[in-house]
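Working notes, beginning with the structure itself.
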Amino acid sequence: MLRVDLVFVGFGNVARRFVRLLEVRRADLARRGIEWRVVAAATRRHGTAANSEGLDAVRLAEAVEAGWSLHGFDADRVGSASGVQLIERLAERRTEARELVVLETTVLDIAAGQPATDHVRAALRSGAHVITANKGPVAFAFSELESLARTAGRQFLYEGAVMDGIPIFNLVRETLPSVQIQGLRGVLNSTTNFVLTAMERGREFGESLAEMQAAGIAEADASLDVDGWDAAAKTAALANVLLDARITPQEVERTGIGHLTGEGVRAAAAAGRRVKLVSRAVRRDGRVTARVAPEELPQDDLLATLRDQQNALVFETDLLGDLSMVQLGGGLTQTAYALLSDLVTLARTVRRSEGVRP
Ligand SMILES: NC(=O)c1ccc[n+]([C@@H]2O[C@H](COP(=O)([O-])OP(=O)(O)OC[C@H]3O[C@@H](n4cnc5c(N)ncnc54)[C@H](OP(=O)(O)O)[C@@H]3O)[C@@H](O)[C@H]2O)c1
């Protein structure tokens with residue numbers, strides 16, 4: 001049995017859905033040889049709590065949802081420790097009997113991927129594994145963090161960073177040995193796809209964007225979606241992991257959808273083409289270029305068929321031609337599942353490295 005202590009840095013929508021999923025799947029995880037408990041949770045405005053004997057994670061989630069502070073659960077008196085301080089403190093009392101796993105789910109910072117990247121770095125340096133749904137660390141510092149994890153013999157997993165629970169990184173890592181990814185293209189941002197589809201149907205840009213905000217699907221700052229920043233961060237993350245690009249979102253050539261009009265989108269549709277915000281990255285002659293921009297696609301292109309919040313990614317490979325993953329429905333449960341699948345991957349890898357049959 002692998003015993004894990006989970007430390008949450010960020011305890012928002014994704015983390016709270018994840019702890020509920022963990023409870024529902026407790027018996028299943030035990031059958032897979034994983035016994036877990038939550039030992040700490042840090043937030044920005046709701047306080048921080050740690051208890052080395054284990055916390056009741058669902059009660060923590062309910063407290064945050066009721067608008068309370070987590071301080072009342074703070075048996076270990078970590079007080080107002082920052083994410084990095086909390087990680088370092090918990091790592092100091094780490095024992096061989098239990099693996100320490102940091103779940104990084106703070107908000108995306110598009111300027112530099114911080115403080116998430118510092119959280120991941122601190123965790124790996126102090127002997128913890130990391131699972132994240134935050135695009136920031138992978139989009140800004142993938143090669144450094146990956147090499148840090150390898151040197152430290154720890155796991156750095158990030159399946160939820162792009163397309164929620166769709167197993168993009170797992171697919172490539174686990175099932176495509178020796179296949180080279182040469183390029184990729186996709187529709188990766190749900191909000192802009194929803195707005196563009198709504199405009200084709202005659203709805204106003206602002207009205208459909210407001211609907212995505214009300215549903216909690218658009219970023220709190222919707223300009224991150226509209227200006228293509230979220231798609232650029234996902235493109236950089238994919239290019240870094242799959243094409244060894246070593247780029248940041250700022251190096252992705254980027255045009256958003258803010259200048260598009262309903263008339264323009266409908267005129268394209270009348271001419272048999274559909275406007276999509278397309279992410280592309282390609283490796284040519286050893287160099288990777290990446291861009292995000294609206295494109296008019298022929299209606300029979302797979303990406304043109306995506307409606308509303310649907311996403312898809314097409315990989316260009318050397319041995320299998322083009323492969324595609326389509327996400328027909330995404331959201332919090334799917335992202336929580338990405339974290340859960342990373343936990344199972346982590347346990348499997350740790351056991352393999354210990355020479356125990358998975
Ligand atoms: N929502 C989705 O469907 C989805 C899908 C894929 C990936 N993601 C990614 O997953 C991450 C989490 O998303 P979410 O929807 O759960 O966001 P959220 O609900 O806004 O939660 C963010 C959490 O991070 C905390 N936080 C922010 N800055 C912090 C800091 N410096 N130190 C400690 N805690 C900090 C917040 O605390 P306070 O609440 O106290 O401010 C909150 O608990 C984001 O990076 C997002 O891009 C989300």
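We name chains A, B, ... following the order of the structure tokens; residues begin at 1 in each chain, and ligands are numbered from 1 as shown.
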**Request:** Tell me which protein, DNA and RNA residues are within 12 Å of Glu144 (chain A), counting only C-alpha atoms, leaving out same-chain ones fewer than 3 positions away, and put them as a VMD selection string.
**Result:** chain A and resid 117 to 118 120 to 121 124 to 125 137 to 141 147 to 151 156 240 to 241 244 246 to 247
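Restricting the atom set to only C-alpha atoms and all ligand atoms, one finds that the residues within 6 Å of ligand 1 amount to A:Val9, A:Gly10, A:Phe11, A:Gly12, A:Asn13, A:Val14, A:Ala15, A:Ala42, A:Thr43, A:Arg44, A:Arg45, A:His46, A:Gly83, A:Thr105, A:Thr106, A:Val107, A:Leu108, A:Pro115, A:Ala133, A:Asn134, A:Gly160, A:Ala161, A:Asp164, A:Gly331, A:Leu332, A:Thr335.
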N, CA, C and O atoms of the current selection, written as a CSV table (one decimal), in the first residue's frame:
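again.csv was written with the following content:
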```
chain,number,residue,atom,x,y,z
A,9,VAL,N,-2.2,23.4,-2.3
A,9,VAL,CA,-1.8,24.9,-2.4
A,9,VAL,C,-2.8,25.4,-3.4
A,9,VAL,O,-2.7,25.1,-4.6
A,10,GLY,N,-3.8,26.2,-2.9
A,10,GLY,CA,-5.0,26.5,-3.7
A,10,GLY,C,-6.0,25.5,-3.4
A,10,GLY,O,-5.8,24.3,-3.4
A,11,PHE,N,-7.2,26.0,-2.9
A,11,PHE,CA,-8.3,25.1,-2.5
A,11,PHE,C,-9.6,25.7,-3.1
A,11,PHE,O,-10.5,26.0,-2.3
A,12,GLY,N,-9.6,25.9,-4.4
A,12,GLY,CA,-10.7,26.5,-5.1
A,12,GLY,C,-11.6,25.4,-5.6
A,12,GLY,O,-11.7,24.3,-5.1
A,13,ASN,N,-12.3,25.8,-6.8
A,13,ASN,CA,-13.3,24.9,-7.3
A,13,ASN,C,-12.7,23.5,-7.7
A,13,ASN,O,-13.3,22.5,-7.4
A,14,VAL,N,-11.6,23.5,-8.3
A,14,VAL,CA,-11.0,22.2,-8.8
A,14,VAL,C,-10.6,21.4,-7.6
A,14,VAL,O,-10.9,20.2,-7.5
A,15,ALA,N,-9.9,22.0,-6.7
A,15,ALA,CA,-9.4,21.2,-5.5
A,15,ALA,C,-10.6,20.6,-4.7
A,15,ALA,O,-10.5,19.5,-4.2
A,42,ALA,N,-3.8,25.4,1.7
A,42,ALA,CA,-3.5,26.9,1.7
A,42,ALA,C,-4.3,27.6,0.7
A,42,ALA,O,-4.5,27.1,-0.4
A,43,THR,N,-4.8,28.8,1.0
A,43,THR,CA,-5.6,29.6,0.1
A,43,THR,C,-5.0,31.0,0.2
A,43,THR,O,-4.1,31.3,0.9
A,44,ARG,N,-5.6,31.9,-0.6
A,44,ARG,CA,-5.1,33.3,-0.6
A,44,ARG,C,-5.9,34.1,0.4
A,44,ARG,O,-5.3,34.9,1.2
A,45,ARG,N,-7.2,33.9,0.4
A,45,ARG,CA,-8.1,34.8,1.2
A,45,ARG,C,-8.9,34.0,2.3
A,45,ARG,O,-9.6,34.6,3.1
A,46,HIS,N,-8.8,32.7,2.3
A,46,HIS,CA,-9.5,31.9,3.2
A,46,HIS,C,-8.7,31.2,4.2
A,46,HIS,O,-9.1,30.2,4.9
A,83,GLY,N,2.5,29.6,0.5
A,83,GLY,CA,2.5,28.3,0.0
A,83,GLY,C,3.9,27.7,0.1
A,83,GLY,O,4.0,26.5,0.5
A,105,THR,N,-3.1,24.1,-7.3
A,105,THR,CA,-4.3,24.5,-8.1
A,105,THR,C,-4.6,26.0,-7.8
A,105,THR,O,-5.7,26.3,-7.6
A,106,THR,N,-3.5,26.8,-7.7
A,106,THR,CA,-3.8,28.2,-7.6
A,106,THR,C,-4.2,28.8,-9.0
A,106,THR,O,-4.1,28.0,-10.0
A,107,VAL,N,-4.5,30.0,-9.1
A,107,VAL,CA,-5.0,30.6,-10.3
A,107,VAL,C,-3.8,30.8,-11.3
A,107,VAL,O,-2.7,31.0,-10.9
A,108,LEU,N,-4.2,30.8,-12.6
A,108,LEU,CA,-3.1,31.1,-13.6
A,108,LEU,C,-2.7,32.5,-13.6
A,108,LEU,O,-3.5,33.4,-13.7
A,115,PRO,N,2.6,32.6,-8.3
A,115,PRO,CA,3.7,31.9,-7.6
A,115,PRO,C,3.7,30.4,-7.8
A,115,PRO,O,4.4,29.7,-7.1
A,133,ALA,N,-3.1,21.2,-11.9
A,133,ALA,CA,-4.0,21.5,-13.0
A,133,ALA,C,-3.7,22.9,-13.5
A,133,ALA,O,-4.5,23.4,-14.4
A,134,ASN,N,-2.7,23.6,-13.0
A,134,ASN,CA,-2.4,24.9,-13.4
A,134,ASN,C,-1.4,24.9,-14.6
A,134,ASN,O,-0.4,24.3,-14.5
A,160,GLY,N,-4.2,17.8,-15.9
A,160,GLY,CA,-5.3,18.7,-16.0
A,160,GLY,C,-5.0,20.1,-16.5
A,160,GLY,O,-5.9,20.9,-16.7
A,161,ALA,N,-3.8,20.3,-17.0
A,161,ALA,CA,-3.4,21.6,-17.4
A,161,ALA,C,-4.1,22.0,-18.8
A,161,ALA,O,-4.3,23.1,-19.1
A,164,ASP,N,-8.8,19.6,-19.6
A,164,ASP,CA,-9.4,19.0,-18.4
A,164,ASP,C,-8.9,17.5,-18.2
A,164,ASP,O,-7.7,17.3,-18.1
A,331,GLY,N,-15.2,20.2,-17.8
A,331,GLY,CA,-15.7,20.9,-16.6
A,331,GLY,C,-14.9,20.5,-15.4
A,331,GLY,O,-13.9,19.8,-15.5
A,332,LEU,N,-15.5,20.8,-14.3
A,332,LEU,CA,-14.8,20.6,-13.0
A,332,LEU,C,-14.5,19.1,-12.7
A,332,LEU,O,-13.4,18.7,-12.3
A,335,THR,N,-11.7,17.9,-14.7
A,335,THR,CA,-10.4,18.4,-14.2
A,335,THR,C,-10.0,17.6,-12.9
A,335,THR,O,-8.9,17.3,-12.7
```
Could you name the residues that touch Gly79 (chain A) at 12 Å or less, counting only C-alpha atoms, but leaving out those on the same chain fewer than 6 positions away, as a JSON list (two decimals) with C-alpha atoms, in the first residue's frame?
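Writing the result to part.json gives the following:
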```json
[["chain", "number", "residue", "atom", "x", "y", "z"],
["A", 40, "ALA", "CA", -2.82, 20.79, 4.69],
["A", 41, "ALA", "CA", -4.63, 23.33, 2.53],
["A", 42, "ALA", "CA", -3.49, 26.87, 1.71],
["A", 43, "THR", "CA", -5.58, 29.60, 0.11],
["A", 46, "HIS", "CA", -9.53, 31.85, 3.20],
["A", 47, "GLY", "CA", -6.54, 31.12, 5.41],
["A", 48, "THR", "CA", -4.40, 28.02, 5.75],
["A", 49, "ALA", "CA", -4.77, 24.85, 7.82],
["A", 50, "ALA", "CA", -2.48, 21.94, 8.58],
["A", 51, "ASN", "CA", -2.88, 18.84, 10.71],
["A", 69, "SER", "CA", -11.57, 30.84, 7.11],
["A", 70, "LEU", "CA", -9.62, 27.57, 7.43],
["A", 71, "HIS", "CA", -7.79, 28.83, 10.53],
["A", 72, "GLY", "CA", -10.18, 26.94, 12.82],
["A", 73, "PHE", "CA", -8.82, 23.64, 11.41],
["A", 85, "GLN", "CA", 6.74, 28.15, 3.56],
["A", 86, "LEU", "CA", 3.98, 25.60, 4.12],
["A", 89, "ARG", "CA", 7.64, 23.10, 6.73]]
```
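Among the candidate residues A:Val179, A:Leu29, A:Ala75, A:Val187, the one lying nearest to Gln309 (chain A) is A:Val187, with distances computed using only C-alpha atoms.
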**Item:** Residue among A:Ser52, A:Gly355, A:Arg59, A:Leu340 lying closest to Phe18 (chain A), counting only C-alpha atoms
**Value:** A:Leu340
**Prompt:** Out of A:Ala214, A:Val344, A:Val172, A:Val162, which residue has the shortest atom-to-atom distance to Ala237 (chain A) when counting only C-alpha atoms?
**Reply:** A:Val162
**Request:** With a distance cut-off of 7 Å and only C-alpha atoms, select the neighbouring residues of Thr192 (chain A), excluding the residue or stretch itself and same-chain residues fewer than 3 positions from it, and output the selection as a ChimeraX atom specification.
**Result:** /A:189,195-196,225-226
Can you spit out the residues from that selection as a compact mmCIF listing (two decimals), in the first residue's frame, using N, CA and C atoms?
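result-v2.txt, freshly written:
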```txt
# COMPACT_ATOMS: atom_id res chain seq x y z
N ASN A 189 -9.77 26.53 -26.22
CA ASN A 189 -10.43 27.43 -25.27
C ASN A 189 -11.94 27.36 -25.45
N VAL A 195 -18.54 31.46 -27.76
CA VAL A 195 -18.91 32.78 -28.26
C VAL A 195 -18.99 32.76 -29.80
N LEU A 196 -18.03 32.13 -30.45
CA LEU A 196 -18.03 32.10 -31.93
C LEU A 196 -19.23 31.31 -32.46
N ASP A 225 -9.41 34.96 -21.97
CA ASP A 225 -10.00 34.11 -23.01
C ASP A 225 -10.06 34.85 -24.34
N VAL A 226 -10.69 36.04 -24.32
CA VAL A 226 -10.99 36.77 -25.55
C VAL A 226 -9.71 37.14 -26.30
```
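Between CA of Ile131 (chain A) and CA of Tyr158 (chain A) there is a distance of 5.7 Å.
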**Asked** Near Ala30 (chain A), within 10 Å and counting only C-alpha atoms, which residues show up once chain neighbours fewer than 6 positions away are dropped, as a PyMOL selection string?
**Response** chain A and resi 1-3+36
Restricted to C-alpha atoms, what would the selected residues look like written as a PDB file, in the first residue's frame?
```pdb
ATOM      1  CA  MET A   1       0.000   0.000   0.000  1.00  0.00           C
ATOM      2  CA  LEU A   2       1.331   3.461  -0.916  1.00  0.00           C
ATOM      3  CA  ARG A   3       0.452   5.962   1.812  1.00  0.00           C
ATOM      4  CA  TRP A  36      -4.531   8.933   1.177  1.00  0.00           C
TER       5      TRP A  36
END
```
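In terms of minimum interatomic distance to Gln327 (chain A), A:Arg307 ranks closest within A:Arg98, A:Arg291, A:Arg283, A:Arg307, counting only C-alpha atoms.
When only C-alpha atoms are used to measure the gap to Ala293 (chain A), the shortest distance among A:Leu171, A:Val252, A:Ala245, A:Ala239 belongs to A:Val252.
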**Request:** Extract, using only C-alpha atoms, all DNA, RNA and protein residues at most 12 Å from Glu204 (chain A), discarding same-chain residues fewer than 3 positions from it, and format them as a ChimeraX atom specification.
**Result:** /A:194-201,207-211,260-263,265-266
Residue selection dump (N, CA and C atoms) as a PDB file, in the first residue's frame:
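The new file again-v4.pdb reads:
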```pdb
ATOM      1  N   PHE A 194     -17.457  28.854 -27.630  1.00  0.00           N
ATOM      2  CA  PHE A 194     -18.877  29.079 -27.331  1.00  0.00           C
ATOM      3  C   PHE A 194     -19.338  30.406 -27.942  1.00  0.00           C
ATOM      4  N   VAL A 195     -18.536  31.457 -27.764  1.00  0.00           N
ATOM      5  CA  VAL A 195     -18.913  32.780 -28.265  1.00  0.00           C
ATOM      6  C   VAL A 195     -18.995  32.756 -29.804  1.00  0.00           C
ATOM      7  N   LEU A 196     -18.026  32.131 -30.451  1.00  0.00           N
ATOM      8  CA  LEU A 196     -18.026  32.101 -31.926  1.00  0.00           C
ATOM      9  C   LEU A 196     -19.228  31.309 -32.457  1.00  0.00           C
ATOM     10  N   THR A 197     -19.538  30.189 -31.787  1.00  0.00           N
ATOM     11  CA  THR A 197     -20.701  29.393 -32.222  1.00  0.00           C
ATOM     12  C   THR A 197     -21.982  30.202 -32.026  1.00  0.00           C
ATOM     13  N   ALA A 198     -22.059  30.913 -30.887  1.00  0.00           N
ATOM     14  CA  ALA A 198     -23.260  31.718 -30.615  1.00  0.00           C
ATOM     15  C   ALA A 198     -23.396  32.845 -31.636  1.00  0.00           C
ATOM     16  N   MET A 199     -22.280  33.450 -32.025  1.00  0.00           N
ATOM     17  CA  MET A 199     -22.332  34.522 -33.026  1.00  0.00           C
ATOM     18  C   MET A 199     -22.850  33.998 -34.374  1.00  0.00           C
ATOM     19  N   GLU A 200     -22.447  32.788 -34.724  1.00  0.00           N
ATOM     20  CA  GLU A 200     -22.957  32.191 -35.974  1.00  0.00           C
ATOM     21  C   GLU A 200     -24.471  32.093 -35.938  1.00  0.00           C
ATOM     22  N   ARG A 201     -25.010  31.854 -34.715  1.00  0.00           N
ATOM     23  CA  ARG A 201     -26.466  31.688 -34.578  1.00  0.00           C
ATOM     24  C   ARG A 201     -27.165  33.026 -34.423  1.00  0.00           C
ATOM     25  N   GLU A 207     -23.180  39.184 -24.930  1.00  0.00           N
ATOM     26  CA  GLU A 207     -24.222  38.395 -24.259  1.00  0.00           C
ATOM     27  C   GLU A 207     -23.742  36.951 -24.038  1.00  0.00           C
ATOM     28  N   SER A 208     -23.126  36.359 -25.055  1.00  0.00           N
ATOM     29  CA  SER A 208     -22.683  34.966 -24.900  1.00  0.00           C
ATOM     30  C   SER A 208     -21.455  34.881 -23.992  1.00  0.00           C
ATOM     31  N   LEU A 209     -20.610  35.911 -24.024  1.00  0.00           N
ATOM     32  CA  LEU A 209     -19.469  35.930 -23.105  1.00  0.00           C
ATOM     33  C   LEU A 209     -19.961  36.011 -21.655  1.00  0.00           C
ATOM     34  N   ALA A 210     -20.975  36.858 -21.420  1.00  0.00           N
ATOM     35  CA  ALA A 210     -21.538  36.996 -20.067  1.00  0.00           C
ATOM     36  C   ALA A 210     -22.097  35.654 -19.593  1.00  0.00           C
ATOM     37  N   GLU A 211     -22.692  34.887 -20.519  1.00  0.00           N
ATOM     38  CA  GLU A 211     -23.234  33.574 -20.141  1.00  0.00           C
ATOM     39  C   GLU A 211     -22.109  32.637 -19.675  1.00  0.00           C
ATOM     40  N   LEU A 260     -13.577  40.403 -33.943  1.00  0.00           N
ATOM     41  CA  LEU A 260     -14.495  39.734 -34.877  1.00  0.00           C
ATOM     42  C   LEU A 260     -15.923  40.230 -34.679  1.00  0.00           C
ATOM     43  N   THR A 261     -16.680  40.297 -35.768  1.00  0.00           N
ATOM     44  CA  THR A 261     -18.077  40.732 -35.681  1.00  0.00           C
ATOM     45  C   THR A 261     -18.995  39.575 -36.059  1.00  0.00           C
ATOM     46  N   GLY A 262     -20.234  39.657 -35.592  1.00  0.00           N
ATOM     47  CA  GLY A 262     -21.228  38.639 -35.942  1.00  0.00           C
ATOM     48  C   GLY A 262     -21.407  38.565 -37.449  1.00  0.00           C
ATOM     49  N   GLU A 263     -21.403  39.745 -38.110  1.00  0.00           N
ATOM     50  CA  GLU A 263     -21.588  39.747 -39.576  1.00  0.00           C
ATOM     51  C   GLU A 263     -20.464  38.954 -40.242  1.00  0.00           C
ATOM     52  N   VAL A 265     -18.517  36.576 -38.978  1.00  0.00           N
ATOM     53  CA  VAL A 265     -18.586  35.143 -38.663  1.00  0.00           C
ATOM     54  C   VAL A 265     -19.698  34.485 -39.487  1.00  0.00           C
ATOM     55  N   ARG A 266     -20.829  35.187 -39.616  1.00  0.00           N
ATOM     56  CA  ARG A 266     -21.964  34.629 -40.381  1.00  0.00           C
ATOM     57  C   ARG A 266     -21.678  34.629 -41.887  1.00  0.00           C
TER      58      ARG A 266
END
```
**Request:** For Gly183 (chain A), list every protein, DNA or RNA residue within 10 Å, evaluated using only C-alpha atoms, and leave out those in the same chain fewer than 2 positions away; present the list as a list of chain:residue names.
**Result:** A:Gln180, A:Ile181, A:Arg185, A:Leu238, A:Ala239, A:Leu242, A:Leu243, A:Arg280, A:Ala281, A:Val282, A:Arg283, A:Arg284, A:Val288, A:Thr289, A:Ala290, A:Val314, A:Phe315, A:Glu316, A:Thr317, A:Asp318, A:Asp322
**Prompt:** What are the DSSP strand (DSSP E) residues of region 158-197 of chain A, as an MDAnalysis selection string?
**Reply:** chainID A and resid 181:187
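Restricting the calculation to only C-alpha atoms, the smallest distance between Met325 (chain A) and any of A:Pro249, A:Gly228, A:Pro177, A:Gly165 is found for A:Gly165.
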**Request:** For CA of Arg352 (chain A) and CA of Asn170 (chain A), quote the distance in Å rounded to one decimal.
**Result:** 16.5 Å
